[in-house]
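Next up, model08.cif (mmCIF, C-alpha atoms):
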data_input
#
loop_
_atom_site.label_atom_id
_atom_site.label_comp_id
_atom_site.auth_asym_id
_atom_site.auth_seq_id
_atom_site.Cartn_x
_atom_site.Cartn_y
_atom_site.Cartn_z
CA MET A 1 12.66 -28.68 -10.83
CA SER A 2 13.92 -30.66 -7.82
CA LYS A 3 13.44 -29.82 -4.17
CA VAL A 4 15.91 -30.38 -1.38
CA PHE A 5 16.03 -30.01 2.43
CA LEU A 6 18.76 -27.63 3.61
CA PRO A 7 19.89 -26.76 7.13
CA LEU A 8 18.67 -23.22 7.79
CA ARG A 9 22.25 -21.99 8.31
CA GLU A 10 22.92 -22.92 4.65
CA VAL A 11 19.85 -21.14 3.29
CA LYS A 12 20.82 -17.97 1.43
CA PRO A 13 18.86 -14.92 0.22
CA GLY A 14 17.61 -15.53 -3.32
CA MET A 15 16.67 -19.19 -2.76
CA ARG A 16 13.05 -20.13 -3.46
CA ILE A 17 11.11 -21.80 -0.64
CA ALA A 18 9.48 -25.08 -1.76
CA GLU A 19 6.90 -25.41 1.02
CA THR A 20 4.47 -23.12 2.81
CA ILE A 21 5.76 -22.20 6.29
CA LEU A 22 3.20 -21.94 9.09
CA ASN A 23 3.64 -20.71 12.66
CA ASP A 24 2.18 -22.32 15.81
CA TYR A 25 -1.17 -20.66 15.11
CA GLY A 26 -1.40 -22.14 11.63
CA SER A 27 -0.89 -18.72 10.03
CA ILE A 28 1.10 -18.58 6.81
CA VAL A 29 4.42 -16.86 7.43
CA ILE A 30 6.02 -17.61 4.05
CA SER A 31 4.11 -19.00 1.06
CA GLU A 32 5.47 -21.75 -1.19
CA GLY A 33 7.37 -20.30 -4.14
CA THR A 34 8.51 -17.16 -2.31
CA ILE A 35 12.07 -16.01 -2.98
CA LEU A 36 13.73 -15.69 0.42
CA ASP A 37 15.45 -12.57 1.68
CA ASP A 38 17.37 -11.85 4.90
CA HIS A 39 14.17 -10.70 6.62
CA MET A 40 12.35 -13.98 5.87
CA ILE A 41 15.33 -16.16 6.81
CA LYS A 42 15.42 -14.34 10.16
CA LYS A 43 11.71 -15.16 10.58
CA LEU A 44 12.53 -18.86 10.08
CA PHE A 45 15.21 -18.69 12.78
CA ASN A 46 12.71 -17.00 15.11
CA LEU A 47 10.27 -19.86 14.46
CA ASN A 48 13.02 -22.32 15.47
CA TYR A 49 13.21 -24.03 12.08
CA SER A 50 16.42 -26.04 11.73
CA LYS A 51 15.95 -26.95 8.06
CA VAL A 52 13.59 -26.07 5.21
CA ARG A 53 12.81 -27.38 1.75
CA VAL A 54 14.03 -25.16 -1.11
CA VAL A 55 14.07 -25.39 -4.89
CA GLU A 56 17.43 -26.76 -5.97
CA LYS A 57 19.65 -25.19 -8.62
CA GLU A 58 17.28 -22.44 -9.67
CA ASN A 59 18.71 -19.29 -11.22
CA ASN A 60 17.38 -16.56 -8.97
CA PHE A 61 18.52 -13.04 -8.33
CA SER A 62 19.54 -12.50 -4.75
CA SER A 63 16.87 -10.83 -2.64
CA SER A 64 19.08 -7.80 -2.14
CA GLU A 65 19.27 -7.45 -5.95
CA ILE A 66 15.50 -7.79 -6.21
CA SER A 67 14.93 -5.13 -3.56
CA GLU A 68 17.57 -2.91 -5.12
CA SER A 69 15.91 -3.41 -8.50
CA PHE A 70 12.55 -2.50 -7.00
CA ASN A 71 13.92 0.62 -5.29
CA THR A 72 15.70 1.73 -8.45
CA SER A 73 12.51 1.32 -10.47
CA TYR A 74 10.45 3.05 -7.76
CA ASN A 75 12.75 6.07 -7.55
CA ALA A 76 12.86 6.35 -11.35
CA SER A 77 9.04 6.36 -11.42
CA VAL A 78 8.89 9.07 -8.73
CA ASN A 79 11.33 11.28 -10.64
CA CYS A 80 9.56 10.70 -13.95
CA PHE A 81 6.16 11.56 -12.48
CA LYS A 82 7.63 14.60 -10.73
CA SER A 83 8.36 16.08 -14.16
CA VAL A 84 4.78 15.25 -15.29
CA LEU A 85 3.39 17.17 -12.31
CA TYR A 86 5.75 20.09 -12.92
CA ASP A 87 4.60 20.40 -16.54
CA ALA A 88 0.97 20.25 -15.42
CA ALA A 89 1.56 22.97 -12.83
CA VAL A 90 2.92 25.39 -15.45
CA GLY A 91 0.01 24.77 -17.81
CA LYS A 92 1.54 22.30 -20.25
CA ASN A 93 -0.37 19.28 -21.54
CA LEU A 94 0.32 15.96 -19.83
CA ASN A 95 3.30 14.09 -21.18
CA MET A 96 1.50 10.83 -21.91
CA ASP A 97 4.73 9.07 -22.89
CA LYS A 98 6.02 9.63 -19.36
CA VAL A 99 2.68 8.62 -17.81
CA ASP A 100 2.69 5.40 -19.85
CA LYS A 101 6.31 4.74 -18.88
CA VAL A 102 5.43 4.93 -15.16
CA VAL A 103 2.31 2.76 -15.61
CA THR A 104 4.37 0.12 -17.44
CA SER A 105 7.01 0.21 -14.68
CA VAL A 106 4.36 -0.21 -11.96
CA VAL A 107 2.60 -3.13 -13.70
CA ALA A 108 5.96 -4.86 -14.23
CA ARG A 109 6.24 -5.13 -10.42
CA LEU A 110 2.97 -7.02 -9.96
CA ASP A 111 4.62 -10.17 -8.59
CA GLU A 112 6.77 -8.27 -6.07
CA LYS A 113 3.96 -7.81 -3.56
CA ARG A 114 6.19 -8.04 -0.48
CA ASP A 115 8.55 -5.40 -1.87
CA ILE A 116 5.55 -3.16 -2.62
CA VAL A 117 4.17 -3.42 0.92
CA ARG A 118 7.62 -2.90 2.43
CA CYS A 119 8.46 0.07 0.19
CA ILE A 120 5.18 1.84 0.90
CA ASN A 121 5.84 1.50 4.64
CA GLN A 122 9.32 3.00 4.44
CA ILE A 123 9.76 6.41 6.03
CA LYS A 124 9.81 9.03 3.31
CA SER A 125 10.35 12.76 3.64
CA ALA A 126 7.17 14.79 3.98
CA ASP A 127 8.24 17.19 1.24
CA GLN A 128 8.36 14.31 -1.27
CA TYR A 129 4.84 13.17 -0.35
CA THR A 130 3.11 14.69 -3.41
CA TYR A 131 5.27 12.59 -5.71
CA THR A 132 5.61 9.34 -3.76
CA HIS A 133 1.88 9.31 -2.96
CA SER A 134 0.90 9.08 -6.63
CA ILE A 135 3.26 6.13 -7.21
CA ASN A 136 2.18 4.41 -3.97
CA VAL A 137 -1.51 4.72 -4.79
CA SER A 138 -0.94 3.27 -8.26
CA LEU A 139 0.98 0.32 -6.72
CA LEU A 140 -1.71 -0.28 -4.09
CA CYS A 141 -4.44 -0.03 -6.74
CA MET A 142 -2.60 -2.68 -8.74
CA LEU A 143 -2.50 -5.03 -5.72
CA LEU A 144 -6.13 -4.39 -4.85
CA GLY A 145 -7.29 -4.86 -8.44
CA LYS A 146 -5.41 -8.15 -8.60
CA TRP A 147 -6.90 -9.33 -5.29
CA MET A 148 -10.38 -8.40 -6.56
CA GLY A 149 -9.95 -10.27 -9.84
CA PHE A 150 -9.79 -7.33 -12.26
CA SER A 151 -9.01 -8.28 -15.87
CA LYS A 152 -5.62 -7.31 -17.32
CA ASP A 153 -7.14 -4.39 -19.26
CA LYS A 154 -9.05 -3.11 -16.22
CA LEU A 155 -5.93 -3.46 -14.09
CA LEU A 156 -3.96 -1.27 -16.51
CA MET A 157 -6.69 1.37 -16.42
CA LEU A 158 -6.83 1.20 -12.62
CA VAL A 159 -3.07 1.72 -12.30
CA GLN A 160 -3.25 4.74 -14.60
CA ALA A 161 -6.22 6.17 -12.68
CA GLY A 162 -4.37 5.61 -9.38
CA LEU A 163 -1.31 7.38 -10.74
CA LEU A 164 -3.33 10.36 -11.98
CA HIS A 165 -5.88 10.55 -9.14
CA ASP A 166 -4.37 13.72 -7.64
CA ILE A 167 -3.16 15.36 -10.87
CA GLY A 168 -5.61 18.21 -10.23
CA LYS A 169 -3.61 19.22 -7.14
CA SER A 170 -1.05 20.69 -9.56
CA LYS A 171 -3.62 23.50 -10.01
CA VAL A 172 -4.03 24.13 -6.26
CA PRO A 173 -1.81 26.90 -4.82
CA LYS A 174 1.26 25.37 -3.14
CA GLU A 175 0.83 27.49 -0.02
CA ILE A 176 -2.51 25.75 0.54
CA LEU A 177 -1.29 22.30 -0.49
CA ASN A 178 1.74 22.40 1.82
CA LYS A 179 0.25 24.39 4.69
CA PRO A 180 1.58 22.92 7.98
CA SER A 181 -1.41 24.06 10.04
CA LYS A 182 -5.16 23.52 9.82
CA LEU A 183 -6.82 24.74 6.63
CA THR A 184 -9.44 27.47 6.73
CA PRO A 185 -12.89 26.54 5.34
CA ASP A 186 -12.08 28.46 2.12
CA GLU A 187 -8.72 26.71 1.74
CA TYR A 188 -10.38 23.32 2.24
CA GLU A 189 -12.94 24.16 -0.44
CA GLU A 190 -10.06 24.98 -2.80
CA ILE A 191 -8.35 21.65 -2.03
CA LYS A 192 -11.61 19.83 -2.77
CA LYS A 193 -11.62 21.28 -6.29
CA HIS A 194 -8.64 19.11 -7.24
CA THR A 195 -10.93 16.28 -8.37
CA VAL A 196 -12.70 18.56 -10.86
CA TYR A 197 -9.41 20.18 -11.93
CA GLY A 198 -8.01 16.71 -12.60
CA TYR A 199 -11.06 15.62 -14.58
CA ARG A 200 -10.87 18.71 -16.78
CA MET A 201 -7.14 18.25 -17.38
CA LEU A 202 -7.68 14.65 -18.46
CA GLU A 203 -10.55 15.68 -20.79
CA LYS A 204 -7.89 17.30 -22.97
CA GLU A 205 -6.08 13.98 -23.39
CA PRO A 206 -7.83 11.80 -26.01
CA GLU A 207 -5.67 8.80 -25.05
CA ILE A 208 -7.21 8.65 -21.56
CA ASP A 209 -10.30 6.48 -21.26
CA ARG A 210 -13.48 8.11 -19.92
CA GLU A 211 -13.62 5.52 -17.12
CA ILE A 212 -10.23 6.74 -15.88
CA ARG A 213 -11.41 10.37 -15.91
CA ILE A 214 -14.54 9.43 -13.94
CA ALA A 215 -12.44 7.52 -11.36
CA VAL A 216 -10.20 10.59 -10.90
CA LEU A 217 -13.28 12.79 -10.49
CA MET A 218 -14.97 10.48 -7.96
CA HIS A 219 -12.18 9.12 -5.74
CA HIS A 220 -13.33 11.28 -2.81
CA GLU A 221 -16.99 10.24 -3.10
CA ARG A 222 -18.26 8.10 -0.21
CA GLU A 223 -20.86 5.32 -0.01
CA ASP A 224 -23.16 7.38 2.24
CA GLY A 225 -23.06 10.47 0.01
CA SER A 226 -20.79 12.43 2.36
CA GLY A 227 -17.98 12.80 -0.19
CA TYR A 228 -17.26 15.25 -2.98
CA PRO A 229 -17.55 16.73 -5.58
CA THR A 230 -21.12 15.51 -6.31
CA GLY A 231 -22.18 13.64 -3.14
CA ALA A 232 -22.76 10.45 -5.15
CA LYS A 233 -23.76 7.32 -3.23
CA GLY A 234 -23.27 3.55 -3.48
CA ASP A 235 -23.46 2.10 -6.98
CA LYS A 236 -23.45 5.59 -8.49
CA ILE A 237 -19.73 5.72 -7.65
CA SER A 238 -17.27 4.21 -10.12
CA MET A 239 -15.72 0.92 -8.89
CA MET A 240 -12.26 2.17 -9.83
CA ALA A 241 -12.90 5.28 -7.71
CA LYS A 242 -13.85 3.03 -4.77
CA VAL A 243 -10.56 1.14 -5.09
CA ILE A 244 -8.55 4.38 -5.36
CA ALA A 245 -10.33 5.71 -2.24
CA VAL A 246 -9.03 2.82 -0.11
CA ALA A 247 -5.50 2.99 -1.54
CA ASP A 248 -5.46 6.79 -1.15
CA ILE A 249 -6.52 6.69 2.51
CA TYR A 250 -4.07 3.93 3.43
CA ASP A 251 -1.05 5.61 1.87
CA ALA A 252 -1.98 9.08 3.16
CA MET A 253 -2.38 7.86 6.73
CA THR A 254 0.79 5.73 6.77
CA SER A 255 2.92 8.59 5.36
CA ASN A 256 4.59 11.48 7.14
CA ARG A 257 2.94 14.75 6.13
CA VAL A 258 3.87 18.39 6.69
CA TYR A 259 1.07 18.68 9.26
CA ARG A 260 1.12 15.29 11.01
CA GLU A 261 3.16 12.14 11.56
CA LYS A 262 2.22 8.83 10.02
CA GLU A 263 0.07 6.16 11.69
CA SER A 264 1.08 2.50 11.93
CA PRO A 265 -0.56 0.16 9.37
CA PHE A 266 -2.54 -1.57 12.13
CA GLU A 267 -3.91 1.75 13.39
CA VAL A 268 -5.06 2.51 9.83
CA PHE A 269 -6.65 -0.96 9.62
CA HIS A 270 -8.53 -0.09 12.83
CA ILE A 271 -9.70 3.26 11.41
CA MET A 272 -10.92 1.53 8.24
CA GLU A 273 -12.76 -1.11 10.28
CA GLU A 274 -14.40 1.41 12.61
CA GLU A 275 -14.49 5.00 11.37
CA TYR A 276 -14.99 4.33 7.67
CA VAL A 277 -17.89 1.89 8.04
CA GLY A 278 -20.60 3.01 5.62
CA LYS A 279 -18.21 5.35 3.83
CA LEU A 280 -15.97 2.93 1.91
CA ASP A 281 -17.11 -0.03 -0.19
CA VAL A 282 -17.20 -3.11 2.07
CA ALA A 283 -15.95 -5.53 -0.60
CA VAL A 284 -12.96 -3.31 -1.43
CA VAL A 285 -12.03 -2.77 2.23
CA ASN A 286 -12.34 -6.50 3.01
CA ALA A 287 -10.18 -7.45 0.00
CA PHE A 288 -7.58 -4.91 1.05
CA LEU A 289 -7.43 -5.69 4.78
CA SER A 290 -7.50 -9.47 4.50
CA ASN A 291 -4.71 -9.54 1.93
CA ILE A 292 -2.34 -6.81 3.04
CA ALA A 293 -2.39 -7.69 6.75
CA ALA A 294 -1.02 -11.17 6.01
CA TYR A 295 2.30 -9.63 4.95
CA TYR A 296 2.95 -8.59 8.56
CA ILE A 297 2.78 -12.11 10.05
CA GLY A 298 6.18 -12.88 11.54
CA ASP A 299 7.17 -9.21 11.68
CA PHE A 300 8.19 -7.46 14.88
CA ALA A 301 6.45 -4.35 16.14
CA LYS A 302 6.55 -1.90 19.02
CA LEU A 303 3.51 -1.67 21.29
CA ASN A 304 2.19 1.49 22.95
CA THR A 305 3.76 0.15 26.18
CA GLY A 306 7.20 0.23 24.54
CA GLU A 307 7.41 -3.57 24.48
CA VAL A 308 8.49 -5.39 21.32
CA CYS A 309 6.18 -8.11 20.00
CA GLU A 310 5.97 -10.54 17.12
CA ILE A 311 2.78 -10.62 15.01
CA VAL A 312 1.80 -14.30 14.85
CA HIS A 313 -1.79 -14.46 13.61
CA ILE A 314 -4.26 -12.15 11.84
CA ASN A 315 -7.84 -12.37 13.11
CA PRO A 316 -9.97 -12.24 9.92
CA ARG A 317 -12.85 -10.61 11.84
CA HIS A 318 -10.63 -7.95 13.43
CA VAL A 319 -7.64 -7.51 11.15
CA SER A 320 -6.38 -4.56 13.21
CA ARG A 321 -6.20 -6.67 16.42
CA PRO A 322 -3.87 -9.62 15.69
CA ILE A 323 -2.52 -12.22 18.09
CA ILE A 324 1.00 -11.26 19.14
CA ARG A 325 3.83 -12.83 21.11
CA VAL A 326 5.76 -10.90 23.75
CA ASP A 327 8.68 -13.04 24.96
CA ASP A 328 6.99 -16.42 25.54
CA LYS A 329 3.51 -15.02 26.14
CA TYR A 330 0.79 -14.99 23.45
CA ILE A 331 -1.62 -12.05 23.62
CA ASP A 332 -4.89 -11.64 21.72
CA LEU A 333 -5.35 -7.91 21.05
CA THR A 334 -9.11 -8.41 20.64
CA VAL A 335 -9.07 -9.23 24.38
CA GLU A 336 -6.29 -6.92 25.59
CA LYS A 337 -7.88 -3.81 24.14
CA GLU A 338 -5.60 -1.33 25.92
CA LEU A 339 -2.63 -2.61 23.90
CA LYS A 340 -2.03 -1.46 20.35
CA ILE A 341 0.65 -1.77 17.70
CA GLN A 342 2.39 1.58 17.44
CA GLU A 343 5.11 0.88 14.90
CA ILE A 344 6.28 -1.91 12.63
CA LEU A 345 10.01 -2.54 13.22
#

Would you mind writing the structure in this file as structure tokens?
Amino acid sequence: MSKVFLPLREVKPGMRIAETILNDYGSIVISEGTILDDHMIKKLFNLNYSKVRVVEKENNFSSSEISESFNTSYNASVNCFKSVLYDAAVGKNLNMDKVDKVVTSVVARLDEKRDIVRCINQIKSADQYTYTHSINVSLLCMLLGKWMGFSKDKLLMLVQAGLLHDIGKSKVPKEILNKPSKLTPDEYEEIKKHTVYGYRMLEKEPEIDREIRIAVLMHHEREDGSGYPTGAKGDKISMMAKVIAVADIYDAMTSNRVYREKESPFEVFHIMEEEYVGKLDVAVVNAFLSNIAAYYIGDFAKLNTGEVCEIVHINPRHVSRPIIRVDDKYIDLTVEKELKIQEIL
């Protein structure tokens, strides 16, 4: 496998970068071995690179084909799981062949981390949330499990648990589930029952491991005992449930819902760093924030002032407050606290 320097104007989507690209702050913008797409090549132009080292004569798909492949697989998984949820809602047993098909499809995408992050951040219709959320959480669980060093077997179980975490919502009345206004106390209590409903549904499926059922039951438990359904604390909560909790919160908050608009990823990072202290497992949150935030280096975003900025460096102590560049000026958001990232462009 030979490597060659190419002028950036000759670099095409689908080529594999043969060196790690850093920006002026020493932050990794593109890691060695990454298959380039139009978005990344544009980043290189923005960084004023005139030439880069790429792997020569390697048979790669073009990045557009990779993204198209990912989107095709993603949409197929959503549609497949939609039929699983429909069957569950009308009282049929889970179609485990379809569940396994989706899990296999998700795990097959393990190396396409950038596509996963990008796909999850795409604007999706609020009325499709129930279906896309299950797929997104399973994808995020897979990334998190990988970042935390889960074994292959545990990773498979985690993906299945992430996919099925909200299966009990198929038993919650739709008028409550899709209510566009604030829930009454009684309606909220009914929503909370979805964890128990899900556990009981999965009890009927001998193929599903007990650890998966427990994770589905406990994914709304919190470290301080403020969660449900049992108010379990700390190490009494399943580790898979702790991972699902982080993935669930991130996808829910960065998605459009019938009752509220989505938050930007960096606003969700801030909420996790501040409001969820003591509620989510520290090791899981740290693994999530430190890894996922890096995918935004080199991206452009809109600030609350309306200005457009480039994200140039992630502060490991304050992931939600990166260093940004507006025109030729570098701004540290840990210092300029009135500024915040409103939207990734």

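Straight-line separation from CA of Lys242 in chain A to CA of Arg222 in chain A: 8.1 Å.
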
message: Would you pick out the contacts of range 7-10 of chain A at 8 Å or less, using all atoms listed in the file, so that residues sharing its chain but fewer than 6 positions from it are not included, and give the list as a list of chain:residue names?
response: A:Ile41, A:Leu44, A:Phe45, A:Tyr49, A:Ser50, A:Lys51, A:Val52

message: Please list as an MDAnalysis selection string every residue within 10 Å of Gly227 in chain A, counting all atoms listed in the file and excluding residues in the same chain fewer than 6 positions away.
response: chainID A and resid 192 218:221 233 279

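When all atoms listed in the file are used to measure the gap to Val4 in chain A, the shortest distance among A:His318, A:Lys182, A:Lys169, A:Arg16 belongs to A:Arg16.
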
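A straight line drawn from CA of His194 in chain A to CA of Ala89 in chain A is 12.3 Å long.
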
- prompt: Distance CA of Ala283 in chain A-CA of Val243 in chain A, one decimal place?
  reply: 9.7 Å

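With only C-alpha atoms as the atoms that count, the minimum distance from Thr334 in chain A to the choices A:Ala232, A:Ala247, A:Val319, A:Met201 is reached by A:Val319.
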